[in-house]
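The file model-v3.tsv contains TSV, C-alpha atoms (C1' of nucleotides):
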```tsv
chain	number	residue	atom	x	y	z
A	24	MET	CA	-15.07	-20.55	10.55
A	25	GLU	CA	-18.56	-19.20	11.03
A	26	THR	CA	-21.29	-20.89	13.07
A	27	PRO	CA	-24.48	-19.02	12.21
A	28	SER	CA	-26.84	-21.61	13.61
A	29	SER	CA	-25.54	-21.14	17.13
A	30	SER	CA	-26.96	-17.65	17.34
A	31	LEU	CA	-29.53	-17.58	14.56
A	32	ILE	CA	-31.62	-20.59	15.45
A	33	LEU	CA	-33.61	-19.71	18.51
A	34	ASP	CA	-35.15	-22.49	20.56
A	35	ARG	CA	-38.21	-22.09	22.77
A	36	GLU	CA	-36.12	-21.00	25.74
A	37	THR	CA	-34.30	-18.23	23.88
A	38	LYS	CA	-36.84	-15.96	22.28
A	39	ALA	CA	-35.77	-12.74	20.66
A	40	SER	CA	-37.94	-10.79	23.04
A	41	GLU	CA	-35.82	-12.04	25.92
A	42	ARG	CA	-32.69	-10.40	24.50
A	43	PRO	CA	-33.92	-6.86	24.05
A	44	GLY	CA	-30.81	-4.97	22.92
A	45	ASP	CA	-29.25	-7.70	20.82
A	46	HIS	CA	-29.11	-7.03	17.09
A	47	LYS	CA	-26.10	-9.20	16.33
A	48	ASP	CA	-27.93	-11.32	13.76
A	49	GLU	CA	-28.74	-8.35	11.59
A	50	LEU	CA	-25.13	-7.21	11.81
A	51	ARG	CA	-23.84	-10.62	10.80
A	52	LEU	CA	-26.30	-10.71	7.94
A	53	TRP	CA	-25.11	-7.34	6.71
A	54	LEU	CA	-21.44	-8.29	6.91
A	55	ARG	CA	-22.09	-11.46	4.95
A	56	MET	CA	-24.04	-9.58	2.30
A	57	LEU	CA	-21.23	-7.04	2.05
A	58	THR	CA	-18.70	-9.83	1.63
A	59	CYS	CA	-20.70	-11.31	-1.26
A	60	SER	CA	-21.15	-7.95	-2.97
A	61	THR	CA	-17.49	-7.08	-2.60
A	62	LEU	CA	-16.33	-10.43	-3.95
A	63	ILE	CA	-18.56	-10.10	-7.01
A	64	GLU	CA	-17.73	-6.47	-7.62
A	65	THR	CA	-13.99	-7.01	-7.36
A	66	GLU	CA	-14.11	-9.99	-9.68
A	67	ILE	CA	-16.19	-8.15	-12.29
A	68	ARG	CA	-13.89	-5.14	-12.05
A	69	ASN	CA	-10.86	-7.37	-12.66
A	70	ARG	CA	-12.43	-9.12	-15.63
A	71	LEU	CA	-13.60	-5.86	-17.23
A	72	ARG	CA	-10.10	-4.50	-16.93
A	73	GLU	CA	-8.38	-7.64	-18.22
A	74	GLU	CA	-10.78	-8.44	-21.04
A	75	PHE	CA	-12.04	-5.01	-22.11
A	76	LYS	CA	-9.62	-2.50	-20.62
A	77	THR	CA	-12.51	-0.66	-19.02
A	78	THR	CA	-13.92	0.02	-15.57
A	79	LEU	CA	-17.09	-0.90	-13.72
A	80	PRO	CA	-18.40	2.70	-13.46
A	81	ARG	CA	-18.07	3.07	-17.22
A	82	PHE	CA	-19.78	-0.26	-17.83
A	83	ASP	CA	-22.62	0.57	-15.43
A	84	LEU	CA	-23.19	3.93	-17.04
A	85	MET	CA	-23.27	2.43	-20.52
A	86	ALA	CA	-25.69	-0.24	-19.26
A	87	GLN	CA	-28.14	2.45	-18.19
A	88	LEU	CA	-27.91	4.25	-21.51
A	89	ASP	CA	-28.29	0.99	-23.42
A	90	LYS	CA	-31.65	0.38	-21.75
A	91	SER	CA	-32.96	3.76	-22.87
A	92	VAL	CA	-34.15	4.44	-26.41
A	93	VAL	CA	-34.38	8.23	-26.27
A	94	GLY	CA	-31.39	8.88	-24.03
A	95	MET	CA	-31.17	9.93	-20.41
A	96	THR	CA	-30.29	13.08	-18.53
A	97	VAL	CA	-27.35	13.32	-16.15
A	98	GLY	CA	-29.80	13.44	-13.26
A	99	GLU	CA	-31.66	10.32	-14.33
A	100	VAL	CA	-28.44	8.35	-14.70
A	101	SER	CA	-27.11	9.55	-11.36
A	102	GLN	CA	-30.37	8.49	-9.68
A	103	ARG	CA	-30.40	5.07	-11.30
A	104	LEU	CA	-26.77	4.36	-10.49
A	105	MET	CA	-27.14	5.84	-7.01
A	106	VAL	CA	-24.09	8.03	-7.44
A	107	SER	CA	-23.65	11.81	-7.32
A	108	ASN	CA	-24.24	14.10	-10.27
A	109	GLY	CA	-20.65	15.22	-10.31
A	110	ASN	CA	-19.55	11.64	-10.62
A	111	VAL	CA	-21.70	11.08	-13.69
A	112	THR	CA	-20.31	14.26	-15.24
A	113	ALA	CA	-16.77	12.95	-14.83
A	114	VAL	CA	-17.38	9.42	-16.08
A	115	VAL	CA	-19.40	10.70	-19.04
A	116	ALA	CA	-16.54	13.03	-19.97
A	117	GLY	CA	-14.27	10.03	-20.42
A	118	LEU	CA	-16.83	8.10	-22.45
A	119	VAL	CA	-17.46	11.10	-24.72
A	120	THR	CA	-13.73	11.47	-25.31
A	121	ASP	CA	-13.60	7.81	-26.33
A	122	GLY	CA	-16.53	8.23	-28.72
A	123	LEU	CA	-18.79	5.84	-26.81
A	124	VAL	CA	-21.33	8.36	-25.55
A	125	ASP	CA	-22.95	11.39	-27.10
A	126	LYS	CA	-23.92	14.39	-25.00
A	127	ARG	CA	-26.06	17.33	-26.12
A	128	SER	CA	-28.24	19.97	-24.54
A	129	ALA	CA	-31.96	19.35	-24.77
A	130	PRO	CA	-33.39	21.85	-27.26
A	131	GLN	CA	-36.41	22.78	-25.13
A	132	ASP	CA	-34.53	23.06	-21.81
A	133	ARG	CA	-30.90	24.02	-22.02
A	134	ARG	CA	-30.21	23.08	-18.43
A	135	VAL	CA	-30.61	19.44	-19.35
A	136	GLN	CA	-27.95	17.30	-21.01
A	137	ILE	CA	-29.19	14.31	-23.01
A	138	LEU	CA	-26.84	11.34	-22.96
A	139	THR	CA	-27.00	8.53	-25.53
A	140	LEU	CA	-24.73	5.71	-26.60
A	141	THR	CA	-23.08	6.24	-29.99
A	142	ALA	CA	-23.27	3.41	-32.53
A	143	GLN	CA	-19.76	2.47	-31.46
A	144	GLY	CA	-20.77	2.62	-27.82
A	145	ARG	CA	-23.78	0.42	-28.37
A	146	LYS	CA	-21.70	-2.16	-30.20
A	147	ALA	CA	-18.97	-2.14	-27.55
A	148	PHE	CA	-21.52	-2.48	-24.79
A	149	LYS	CA	-23.28	-5.42	-26.45
A	150	LEU	CA	-20.02	-7.37	-26.48
A	151	MET	CA	-19.26	-6.60	-22.85
A	152	ALA	CA	-22.81	-7.24	-21.65
A	153	GLU	CA	-22.82	-10.79	-23.00
A	154	ARG	CA	-19.57	-11.64	-21.27
A	155	HIS	CA	-20.75	-9.89	-18.11
A	156	GLU	CA	-23.89	-11.99	-17.99
A	157	ASP	CA	-21.82	-15.16	-18.34
A	158	TRP	CA	-19.48	-14.08	-15.56
A	159	ILE	CA	-22.35	-13.47	-13.18
A	160	ALA	CA	-23.92	-16.83	-14.01
A	161	GLU	CA	-20.54	-18.47	-13.39
A	162	LEU	CA	-20.21	-16.80	-10.00
A	163	PHE	CA	-23.68	-17.98	-8.92
A	164	ALA	CA	-23.25	-21.45	-10.42
A	165	GLY	CA	-23.23	-23.05	-6.97
A	166	LEU	CA	-26.88	-22.06	-6.37
A	167	ASP	CA	-29.74	-24.01	-7.94
A	168	GLN	CA	-32.85	-22.35	-9.38
A	169	PRO	CA	-34.96	-22.56	-6.20
A	170	ALA	CA	-32.17	-21.03	-4.13
A	171	ILE	CA	-31.79	-18.20	-6.64
A	172	ALA	CA	-35.54	-17.56	-6.65
A	173	GLN	CA	-35.72	-17.55	-2.87
A	174	LEU	CA	-32.70	-15.31	-2.47
A	175	PHE	CA	-34.21	-12.94	-5.01
A	176	ARG	CA	-37.44	-12.85	-3.08
A	177	LEU	CA	-35.74	-12.27	0.29
A	178	LEU	CA	-33.62	-9.48	-1.15
A	179	GLY	CA	-36.84	-7.94	-2.43
A	180	GLU	CA	-38.16	-7.91	1.11
A	181	THR	CA	-34.87	-6.46	2.25
A	182	LYS	CA	-35.10	-3.68	-0.33
A	183	THR	CA	-38.58	-2.81	0.91
A	184	SER	CA	-37.36	-2.76	4.50
A	185	LEU	CA	-34.44	-0.52	3.59
A	186	HIS	CA	-36.57	1.95	1.66
A	187	ARG	CA	-39.02	2.17	4.51
A	188	ALA	CA	-36.29	2.72	7.11
A	189	ILE	CA	-34.44	5.29	5.03
A	190	ALA	CA	-37.56	7.19	3.98
A	191	GLY	CA	-38.82	7.10	7.57
A	192	ARG	CA	-35.65	8.70	8.78
A	193	ALA	CA	-35.77	11.39	6.09
A	194	ASP	CA	-39.31	12.22	7.26
A	195	GLU	CA	-38.08	12.56	10.85
A	196	ALA	CA	-35.42	15.01	9.73
A	197	ALA	CA	-37.91	17.03	7.67
A	198	LYS	CA	-40.26	17.21	10.64
A	199	GLY	CA	-37.40	18.62	12.72
A	200	ASP	CA	-36.79	21.34	10.15
A	201	ALA	CA	-40.37	22.55	10.08
B	18	MET	CA	-42.13	-2.23	-10.99
B	19	GLU	CA	-40.38	-5.58	-10.97
B	20	THR	CA	-42.03	-8.91	-11.75
B	21	PRO	CA	-39.52	-11.56	-10.70
B	22	SER	CA	-41.97	-14.41	-10.78
B	23	SER	CA	-42.55	-14.07	-14.50
B	24	SER	CA	-39.01	-15.18	-15.26
B	25	LEU	CA	-37.97	-16.88	-12.04
B	26	ILE	CA	-40.75	-19.38	-11.67
B	27	LEU	CA	-40.38	-22.01	-14.32
B	28	ASP	CA	-43.29	-24.26	-15.18
B	29	ARG	CA	-42.98	-27.75	-16.64
B	30	GLU	CA	-42.92	-26.46	-20.20
B	31	THR	CA	-40.14	-23.96	-19.60
B	32	LYS	CA	-37.20	-25.75	-18.01
B	33	ALA	CA	-33.90	-24.03	-17.59
B	34	SER	CA	-32.23	-26.66	-19.76
B	35	GLU	CA	-34.40	-25.53	-22.67
B	36	ARG	CA	-32.99	-22.00	-22.55
B	37	PRO	CA	-29.29	-22.78	-22.74
B	38	GLY	CA	-27.74	-19.31	-22.94
B	39	ASP	CA	-30.08	-17.50	-20.60
B	40	HIS	CA	-28.59	-16.30	-17.33
B	41	LYS	CA	-30.93	-13.38	-16.78
B	42	ASP	CA	-32.07	-14.60	-13.36
B	43	GLU	CA	-28.56	-14.55	-11.96
B	44	LEU	CA	-28.05	-11.07	-13.35
B	45	ARG	CA	-31.25	-9.79	-11.78
B	46	LEU	CA	-30.28	-11.39	-8.51
B	47	TRP	CA	-26.92	-9.66	-8.59
B	48	LEU	CA	-28.42	-6.27	-9.42
B	49	ARG	CA	-30.87	-6.59	-6.55
B	50	MET	CA	-28.12	-7.59	-4.13
B	51	LEU	CA	-26.05	-4.64	-5.30
B	52	THR	CA	-28.99	-2.30	-4.75
B	53	CYS	CA	-29.39	-3.52	-1.17
B	54	SER	CA	-25.70	-3.24	-0.41
B	55	THR	CA	-25.48	0.23	-1.90
B	56	LEU	CA	-28.52	1.47	0.00
B	57	ILE	CA	-27.13	0.20	3.30
B	58	GLU	CA	-23.61	1.43	2.66
B	59	THR	CA	-24.74	4.90	1.64
B	60	GLU	CA	-27.01	5.20	4.65
B	61	ILE	CA	-24.30	4.08	7.07
B	62	ARG	CA	-21.82	6.44	5.44
B	63	ASN	CA	-24.24	9.34	5.89
B	64	ARG	CA	-24.96	8.54	9.52
B	65	LEU	CA	-21.28	8.08	10.40
B	66	ARG	CA	-20.55	11.47	8.88
B	67	GLU	CA	-23.49	13.23	10.51
B	68	GLU	CA	-23.23	11.67	13.94
B	69	PHE	CA	-19.50	11.00	14.32
B	70	LYS	CA	-17.80	13.10	11.64
B	71	THR	CA	-16.02	10.04	10.35
B	72	THR	CA	-16.01	7.78	7.31
B	73	LEU	CA	-16.87	4.15	6.63
B	74	PRO	CA	-13.31	3.08	5.74
B	75	ARG	CA	-12.08	4.47	9.04
B	76	PHE	CA	-14.88	2.76	10.94
B	77	ASP	CA	-14.26	-0.57	9.18
B	78	LEU	CA	-10.56	-0.42	9.90
B	79	MET	CA	-11.14	0.35	13.57
B	80	ALA	CA	-13.66	-2.51	13.73
B	81	GLN	CA	-11.00	-4.96	12.61
B	82	LEU	CA	-8.48	-3.71	15.15
B	83	ASP	CA	-11.09	-3.77	17.90
B	84	LYS	CA	-11.60	-7.49	17.36
B	85	SER	CA	-7.91	-8.19	17.81
B	86	VAL	CA	-6.21	-8.30	21.21
B	87	VAL	CA	-2.59	-8.29	20.09
B	88	GLY	CA	-2.95	-6.00	17.08
B	89	MET	CA	-2.85	-6.72	13.38
B	90	THR	CA	-0.41	-6.18	10.56
B	91	VAL	CA	-1.18	-4.00	7.55
B	92	GLY	CA	-1.44	-7.12	5.43
B	93	GLU	CA	-3.90	-8.84	7.75
B	94	VAL	CA	-6.15	-5.80	7.83
B	95	SER	CA	-6.03	-5.38	4.08
B	96	GLN	CA	-6.98	-9.03	3.60
B	97	ARG	CA	-9.86	-8.84	6.05
B	98	LEU	CA	-11.26	-5.65	4.59
B	99	MET	CA	-10.64	-6.88	1.03
B	100	VAL	CA	-8.87	-3.68	0.07
B	101	SER	CA	-5.34	-3.02	-1.19
B	102	ASN	CA	-2.33	-2.60	1.09
B	103	GLY	CA	-1.78	0.93	-0.09
B	104	ASN	CA	-5.28	1.81	0.92
B	105	VAL	CA	-4.74	0.56	4.47
B	106	THR	CA	-1.52	2.55	4.66
B	107	ALA	CA	-3.38	5.73	3.76
B	108	VAL	CA	-6.38	5.25	6.04
B	109	VAL	CA	-4.13	4.24	8.95
B	110	ALA	CA	-2.09	7.39	8.45
B	111	GLY	CA	-5.15	9.49	9.14
B	112	LEU	CA	-6.15	7.46	12.19
B	113	VAL	CA	-2.63	7.69	13.62
B	114	THR	CA	-2.68	11.46	13.14
B	115	ASP	CA	-5.94	11.60	15.07
B	116	GLY	CA	-4.53	9.50	17.91
B	117	LEU	CA	-6.96	6.62	17.35
B	118	VAL	CA	-4.49	4.03	16.11
B	119	ASP	CA	-0.97	3.12	17.14
B	120	LYS	CA	1.51	1.81	14.58
B	121	ARG	CA	4.91	0.28	15.35
B	122	SER	CA	7.37	-2.06	13.72
B	123	ALA	CA	7.35	-5.60	15.05
B	124	PRO	CA	10.57	-6.11	17.03
B	125	GLN	CA	11.35	-9.54	15.53
B	126	ASP	CA	10.53	-8.63	11.91
B	127	ARG	CA	11.01	-5.02	10.98
B	128	ARG	CA	9.14	-5.39	7.70
B	129	VAL	CA	5.92	-5.79	9.65
B	130	GLN	CA	3.90	-2.94	11.11
B	131	ILE	CA	1.70	-3.80	14.08
B	132	LEU	CA	-1.50	-1.77	14.27
B	133	THR	CA	-3.53	-1.41	17.47
B	134	LEU	CA	-6.29	0.88	18.68
B	135	THR	CA	-5.17	3.43	21.25
B	136	ALA	CA	-7.23	3.74	24.44
B	137	GLN	CA	-8.91	6.75	22.85
B	138	GLY	CA	-9.52	4.79	19.67
B	139	ARG	CA	-11.06	1.89	21.54
B	140	LYS	CA	-13.37	4.20	23.44
B	141	ALA	CA	-14.41	6.10	20.30
B	142	PHE	CA	-15.05	2.86	18.46
B	143	LYS	CA	-17.19	1.43	21.23
B	144	LEU	CA	-19.53	4.40	21.00
B	145	MET	CA	-19.79	4.17	17.23
B	146	ALA	CA	-20.19	0.40	17.16
B	147	GLU	CA	-23.25	0.51	19.41
B	148	ARG	CA	-24.95	3.06	17.22
B	149	HIS	CA	-23.88	1.19	14.10
B	150	GLU	CA	-25.47	-2.02	15.34
B	151	ASP	CA	-28.71	-0.16	16.02
B	152	TRP	CA	-28.71	1.40	12.56
B	153	ILE	CA	-28.28	-1.98	10.89
B	154	ALA	CA	-31.08	-3.49	12.98
B	155	GLU	CA	-33.30	-0.56	12.03
B	156	LEU	CA	-32.58	-1.05	8.34
B	157	PHE	CA	-33.47	-4.75	8.52
B	158	ALA	CA	-36.48	-4.19	10.77
B	159	GLY	CA	-38.87	-5.25	7.99
B	160	LEU	CA	-37.55	-8.83	8.07
B	161	ASP	CA	-38.62	-11.29	10.77
B	162	GLN	CA	-36.22	-13.73	12.41
B	163	PRO	CA	-36.89	-16.65	10.03
B	164	ALA	CA	-36.35	-14.44	7.00
B	165	ILE	CA	-33.08	-13.17	8.46
B	166	ALA	CA	-31.91	-16.71	9.22
B	167	GLN	CA	-32.81	-17.92	5.76
B	168	LEU	CA	-31.21	-14.98	4.01
B	169	PHE	CA	-28.08	-15.54	6.09
B	170	ARG	CA	-27.99	-19.18	5.06
B	171	LEU	CA	-28.52	-18.43	1.36
B	172	LEU	CA	-25.80	-15.80	1.40
B	173	GLY	CA	-23.55	-18.41	2.97
B	174	GLU	CA	-24.20	-20.66	-0.01
B	175	THR	CA	-23.57	-17.71	-2.29
B	176	LYS	CA	-20.24	-17.03	-0.60
B	177	THR	CA	-19.20	-20.63	-1.13
B	178	SER	CA	-20.22	-20.46	-4.79
B	179	LEU	CA	-18.26	-17.24	-5.27
B	180	HIS	CA	-15.12	-18.56	-3.64
B	181	ARG	CA	-15.25	-21.68	-5.75
B	182	ALA	CA	-15.77	-19.74	-8.99
B	183	ILE	CA	-13.07	-17.20	-8.23
B	184	ALA	CA	-10.53	-19.76	-7.00
B	185	GLY	CA	-11.31	-21.95	-10.00
B	186	ARG	CA	-10.53	-19.14	-12.36
B	187	ALA	CA	-7.29	-18.31	-10.55
B	188	ASP	CA	-6.25	-21.95	-10.97
B	189	GLU	CA	-6.95	-21.76	-14.71
B	190	ALA	CA	-4.72	-18.71	-14.98
B	191	ALA	CA	-1.93	-20.37	-13.00
B	192	LYS	CA	-2.14	-23.42	-15.25
B	193	GLY	CA	-1.71	-21.16	-18.26
B	194	ASP	CA	1.43	-19.63	-16.77
B	195	ALA	CA	3.15	-22.97	-16.16
C	10	DC	C1'	28.45	-16.99	3.47
C	11	DG	C1'	26.14	-14.21	-0.03
C	12	DA	C1'	23.16	-13.74	-4.13
C	13	DA	C1'	18.45	-14.48	-5.31
C	14	DA	C1'	13.88	-14.96	-4.14
C	15	DT	C1'	10.30	-13.83	-1.13
C	16	DT	C1'	7.70	-10.98	1.89
C	17	DA	C1'	5.63	-6.59	3.91
C	18	DT	C1'	4.83	-2.16	3.25
C	19	DT	C1'	4.88	2.39	1.06
C	20	DT	C1'	4.78	5.36	-2.81
C	21	DT	C1'	2.99	6.83	-7.16
C	22	DA	C1'	-0.20	7.87	-10.74
C	23	DA	C1'	-4.60	7.78	-12.10
C	24	DG	C1'	-9.42	7.27	-11.65
C	25	DC	C1'	-13.70	7.14	-8.66
C	26	DC	C1'	-16.60	9.33	-5.41
C	27	DT	C1'	-18.75	12.65	-2.44
C	28	DA	C1'	-20.65	17.09	-0.48
C	29	DA	C1'	-20.93	21.63	-1.10
C	30	DA	C1'	-20.40	25.75	-3.75
C	31	DA	C1'	-20.84	27.84	-8.19
C	32	DT	C1'	-22.93	28.47	-12.76
C	33	DG	C1'	-26.37	28.83	-15.95
C	34	DT	C1'	-31.36	28.09	-17.05
C	35	DT	C1'	-36.23	27.97	-16.32
C	36	DT	C1'	-40.31	28.66	-13.55
C	37	DT	C1'	-42.85	30.92	-10.01
C	38	DT	C1'	-44.70	34.72	-7.92
C	39	DA	C1'	-45.20	39.31	-6.11
D	17	DT	C1'	-42.22	41.82	-15.82
D	18	DA	C1'	-38.53	41.51	-12.60
D	19	DA	C1'	-36.95	39.34	-8.47
D	20	DA	C1'	-36.90	35.08	-6.18
D	21	DA	C1'	-37.09	30.28	-6.09
D	22	DA	C1'	-36.26	26.00	-8.14
D	23	DC	C1'	-33.73	23.12	-11.09
D	24	DA	C1'	-29.84	20.67	-13.73
D	25	DT	C1'	-25.36	20.38	-14.19
D	26	DT	C1'	-20.49	21.40	-13.41
D	27	DT	C1'	-16.68	22.62	-10.59
D	28	DT	C1'	-13.97	22.22	-6.51
D	29	DA	C1'	-11.61	20.27	-2.69
D	30	DG	C1'	-10.68	16.37	-0.44
D	31	DG	C1'	-10.77	11.52	0.66
D	32	DC	C1'	-10.90	6.59	-1.10
D	33	DT	C1'	-9.27	3.10	-4.11
D	34	DT	C1'	-6.53	0.50	-7.13
D	35	DA	C1'	-2.46	-1.56	-9.74
D	36	DA	C1'	2.05	-1.35	-10.33
D	37	DA	C1'	6.60	0.17	-9.15
D	38	DA	C1'	9.76	1.09	-5.47
D	39	DT	C1'	11.75	0.27	-0.97
D	40	DA	C1'	13.23	-2.33	2.76
D	41	DA	C1'	13.79	-6.57	5.44
D	42	DT	C1'	14.01	-11.49	5.79
D	43	DT	C1'	14.54	-16.13	4.16
D	44	DT	C1'	16.17	-19.55	0.98
D	45	DC	C1'	19.48	-21.99	-1.22
D	46	DG	C1'	23.63	-22.65	-4.13
```
Can you dump the structure from the file as structure tokens?
Amino acid sequence: METPSSSLILDRETKASERPGDHKDELRLWLRMLTCSTLIETEIRNRLREEFKTTLPRFDLMAQLDKSVVGMTVGEVSQRLMVSNGNVTAVVAGLVTDGLVDKRSAPQDRRVQILTLTAQGRKAFKLMAERHEDWIAELFAGLDQPAIAQLFRLLGETKTSLHRAIAGRADEAAKGDA
Amino acid sequence: METPSSSLILDRETKASERPGDHKDELRLWLRMLTCSTLIETEIRNRLREEFKTTLPRFDLMAQLDKSVVGMTVGEVSQRLMVSNGNVTAVVAGLVTDGLVDKRSAPQDRRVQILTLTAQGRKAFKLMAERHEDWIAELFAGLDQPAIAQLFRLLGETKTSLHRAIAGRADEAAKGDA
DNA sequence: CGAAATTATTTTAAGCCTAAAATGTTTTTA
DNA sequence: TAAAAACATTTTAGGCTTAAAATAATTTCG
């Protein structure tokens, strides 16, 4: 269905500089990346629901808390998960109701809410995390180790590019405000 | 912050086969891919809102219709966008209200709704699509052509792996039903 | 032919998500 | 110190999203 090589492989006669306004390759790259992400996300969502009767946002939030020993604030979690504060508030509310997460004001700064996994939450997460890791491995089973390593490296470069582009644009906007 | 090479590069003493249950590399790969996708998606969402007062689901839906000459059914769009039918119904409703999309029953099969862009919708999309392509190119500006081509190829392999794993699991389930 | 199965879409109920406004708390500064 | 600014979180209003049930139309097959 797709024929990437026809437009991605440039021979000597067809240099990028000779097609000034053409950014189709980047667009195709993005659409393919989005397809992969969506396929994985949907599949993980389905399996979490079927096997653990839970949702991906809940799992992701618990995963963050599991990594932390002393607990995390709402703001820290929202930054890590790249979602809004209000969203964290809502998802946490559900997890607290179910006894999986504990939430309490920090004694020295009452603006801050410290979130931690309860013993039950930690146990439940451990079970899910093992299965989750297997699922991901299963989904990537068609790639060998070198391919995985290379993809990881290229996505690292991509991340750097994205951060630069996004930060650069934020700077532009700030300059306009001043 | 991240040190991929420490776990991704395996020397002769540390073969993958000697760590049977370890799928950490795949997990790290997935988390990095998700980070990239989320960064891009959030940025595009923000720019669509700021510059065109619209949303990504609306843009994506219009993009599908723009590619089609004769129009598409609700089912076709939902399959292409990998979202539920009900979702398409809702987003289309908004676009119809705004005069960007036309919706009419197919004359030969009245179950089917044919969706097309209106002239206004096509014009509005053209403007947005040009900007969108520029934004994507800007976000990937840190990657050179070979990196883009290689990433595209590896994501193609990933897509194949995903489809195989997901289809394989669906077959298992079907076998269980029989 | 007509009942049953299939197909396409919409509706419903519930949860996720955001931006922006509101609330409560702490820090800065005049 | 008191007002102002900054900060952390929650609330609000609205849109997106899903799965599952409901609706409506067509096709299959007994």
### Task
For B:Asp126, please output as a VMD selection string all residues within 10 Å (counting only C-alpha atoms (C1' of nucleotides); exclusion window: fewer than 6 positions along the same chain).
(chain C and resid 17) or (chain D and resid 41 to 42)
Each residue of chain D lying at most 10 Å from chain A should get a row with its shortest atom-to-atom pair and the distance in Å to one decimal, counting all atoms listed in the file; could you produce that, ordered by chain and increasing number, as CSV?
```
residue,atom,partner,partner_atom,distance
D:DC23,C1',A:Arg134,CA,8.1
D:DA24,C1',A:Arg134,CA,5.3
D:DT25,C1',A:Arg134,CA,7.0
D:DT26,C1',A:Gly109,CA,6.9
D:DT27,C1',A:Gly109,CA,8.4
```
Could you build a table of the residues in chain A lying no more than 6 Å from chain B, giving for each the nearest pair of atoms and their separation in Å rounded to one decimal place, using all atoms listed in the file, ordered by chain and ascending residue number, as CSV?
```
residue,atom,partner,partner_atom,distance
A:Leu31,CA,B:Ala166,CA,5.9
A:His46,CA,B:Ala154,CA,5.8
A:Glu49,CA,B:Ala154,CA,5.6
A:Leu52,CA,B:Phe169,CA,5.5
A:Cys59,CA,B:Lys176,CA,5.8
A:Ala160,CA,B:Glu43,CA,5.6
A:Leu162,CA,B:Leu179,CA,5.1
A:Phe163,CA,B:Ser178,CA,5.9
A:Gly165,CA,B:Ser178,CA,4.5
A:Ala172,CA,B:Leu25,CA,6.0
A:Phe175,CA,B:Leu46,CA,5.5
A:Lys182,CA,B:Cys53,CA,5.8
A:Ser184,CA,B:Gly159,CA,4.5
A:Leu185,CA,B:Leu156,CA,5.1
A:Ala188,CA,B:Leu156,CA,5.4
```
### Summary
Taken to one decimal, the atom C1' of C:DC26-atom CA of B:Met79 distance is 21.7 Å
#### Entry: Interatomic distance (Å, one decimal) between atom CA of A:Arg154 and atom CA of A:Leu118
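Separation between atom CA of A:Arg154 and atom CA of A:Leu118: 20.0 Å.
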Give me, as JSON lines, the closest atom pair and its distance (Å, one decimal) for every residue of chain C within a cut-off of 10 Å of chain A, counting all atoms listed in the file, rows sorted by chain and rising number.
```
{"residue": "C:DG24", "atom": "C1'", "partner": "A:Val114", "partner_atom": "CA", "distance": 9.4}
{"residue": "C:DC25", "atom": "C1'", "partner": "A:Asn110", "partner_atom": "CA", "distance": 7.6}
{"residue": "C:DC26", "atom": "C1'", "partner": "A:Asn110", "partner_atom": "CA", "distance": 6.4}
{"residue": "C:DT27", "atom": "C1'", "partner": "A:Ser107", "partner_atom": "CA", "distance": 7.0}
{"residue": "C:DA28", "atom": "C1'", "partner": "A:Ser107", "partner_atom": "CA", "distance": 9.1}
{"residue": "C:DG33", "atom": "C1'", "partner": "A:Arg134", "partner_atom": "CA", "distance": 7.3}
{"residue": "C:DT34", "atom": "C1'", "partner": "A:Arg134", "partner_atom": "CA", "distance": 5.3}
{"residue": "C:DT35", "atom": "C1'", "partner": "A:Asp132", "partner_atom": "CA", "distance": 7.6}
```
### Task
Work out how far apart atom C1' of D:DG31 and atom CA of A:Gln87 are and give it in Å to one decimal.
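One can read the atom C1' of D:DG31 to atom CA of A:Gln87 distance as 27.2 Å.
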### Query
Got a sec: who's within 10 Å of C:DA13, counting only C-alpha atoms (C1' of nucleotides), leaving out chain neighbours fewer than 3 positions off, as a list of chain:residue names?
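Within the cut-off, the hits are D:DT44, D:DC45, D:DG46.
Every protein, DNA or RNA residue with an atom at most 12 Å from D:DA19, where all atoms listed in the file count and chain neighbours fewer than 4 positions away do not, is listed here: DT37, DT38 and DA39 of chain C.
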